[in-house]
Amino acid sequence: MDDKRLAIVVGAGPGLGASLARRFARASMNVVMACRHPSRIDTLAAEFSGIGHSVCTRECDACDESSVQALFEWSDERFGAPDIVVYNAGAFVQRPLLETSAGEFEHCWRVGCLGGFLVGREAARSMLQREDRGGAILFTGATASLRGGAGFHNLAVGKFGLRALAQSMARELGPQGIHVAHIVIDGRIRAPAVVEQGSKDGGRLLDPDELAEAYYQLAMQPKSAWTQELDLRPWVERF
């Protein structure tokens, strides 16, 4: 079993997920990037790995209970209990209400909310087995976590539920030493290709690397001053 700190990012991808993995790796943490199609980010994992720690990918369907349990059983055996778990998965189809099928609506809710419950529960189970019973569980929210917009019901319902989940978990798990926080991403995140080429938007879009830094600092907060909800937006965003 590796004795270095561990971060698990569920819903990892080339955007914010990759920036989170990069930030955690820079802190000399082992990182597990979990998603439904890990082959798409295998090259990213190899890029982020360095001396003294590892960044690896694992397949995980966040909406499938057995898949989530298998992820944490594997990571517990290889690395021990995680120090940080981020739920960053999401699904959204913008569509008029009358054109939305029940299956589409349910799928978006399952990824947006049910997956957060499954990952959050397994993360808490693992962290509570630690001798120091500590750790941080972070949930990625959105503007739709706070208000629903026309055509955004597929996103808002799941995000509303995820925010409620984070609040309930924080109240239950905080006294047991686990920091649970919800991050409202209020604005558009700059695409990875634009980040690599350099921003020319004057800071009008959220930089995923700067978001990742905020996540890391949130996870590192001392127990005497925990944040339960953090909202992040570019300076031009109305709120």
# chains A, B, ... in the order shown; residues from 1 in each chain; ligands from 1
>>> residues_around(residues="Trp109 (chain A)", least_positions_apart="2", cutoff="8 Å", atoms="only C-alpha atoms", output="mmCIF file with C-alpha atoms, in the first residue's frame")
data_model
loop_
_atom_site.group_PDB
_atom_site.id
_atom_site.type_symbol
_atom_site.label_atom_id
_atom_site.label_comp_id
_atom_site.auth_asym_id
_atom_site.auth_seq_id
_atom_site.Cartn_x
_atom_site.Cartn_y
_atom_site.Cartn_z
ATOM 1 C CA ALA A 91 -24.644 15.370 -18.169
ATOM 2 C CA PHE A 105 -34.358 13.626 -18.096
ATOM 3 C CA GLU A 106 -33.632 10.612 -15.897
ATOM 4 C CA HIS A 107 -30.165 10.124 -17.400
ATOM 5 C CA VAL A 111 -25.305 11.608 -13.630
ATOM 6 C CA GLY A 112 -25.905 14.961 -11.986
ATOM 7 C CA CYS A 113 -27.202 13.752 -8.626
ATOM 8 C CA LEU A 114 -27.355 9.980 -8.103
ATOM 9 C CA ASN A 154 -32.129 18.667 -17.457
ATOM 10 C CA LEU A 155 -29.197 20.347 -15.716
ATOM 11 C CA VAL A 157 -32.784 19.394 -11.290
ATOM 12 C CA GLY A 158 -29.666 17.253 -10.874
#
>>> residues_around(residues="region 92-95 of chain A", least_positions_apart="4", cutoff="8 Å", atoms="only C-alpha atoms", output="list in words")
Glu99, Thr100, Cys108, Gly151, Phe152, His153, Asn154 and Leu155 of chain A
>>> select_by_dssp(residues="region 1-81 of chain A", states="strand (DSSP E)", output="PyMOL selection string")
chain A and resi 6-10+30-35+55-59
>>> closest_residue(among="A:Pro14, A:Gly203, A:Gly174, A:Gly135", to="Val86 (chain A)", atoms="only C-alpha atoms")
A:Gly135
>>> residues_around(residues="region 143-148 of chain A", least_positions_apart="4", cutoff="12 Å", atoms="only C-alpha atoms", output="number ranges by chain")
A: 90, 92, 94, 112-113, 139, 152-166, 182-188, 229-233, 237-239
>>> closest_residue(among="A:Ala81, A:Ala62, A:Cys56, A:Ala181", to="Gln129 (chain A)", atoms="only C-alpha atoms")
A:Ala81
>>> select_by_dssp(residues="region 10-208 of chain A", states="alpha helix (DSSP H)", output="PyMOL selection string")
chain A and resi 16-26+42-48+65-79+102-109+115-127+153-173+192-197+208
>>> residues_around(residues="Ser224 (chain A)", least_positions_apart="2", cutoff="12 Å", atoms="only C-alpha atoms", output="JSON, numbers by chain")
{"A": [174, 175, 177, 179, 220, 221, 222, 226, 227]}
>>> residues_around(residues="Ser75 (chain A)", least_positions_apart="5", cutoff="9 Å", atoms="only C-alpha atoms", output="PyMOL selection string")
chain A and resi 6+8+32+70+80-82
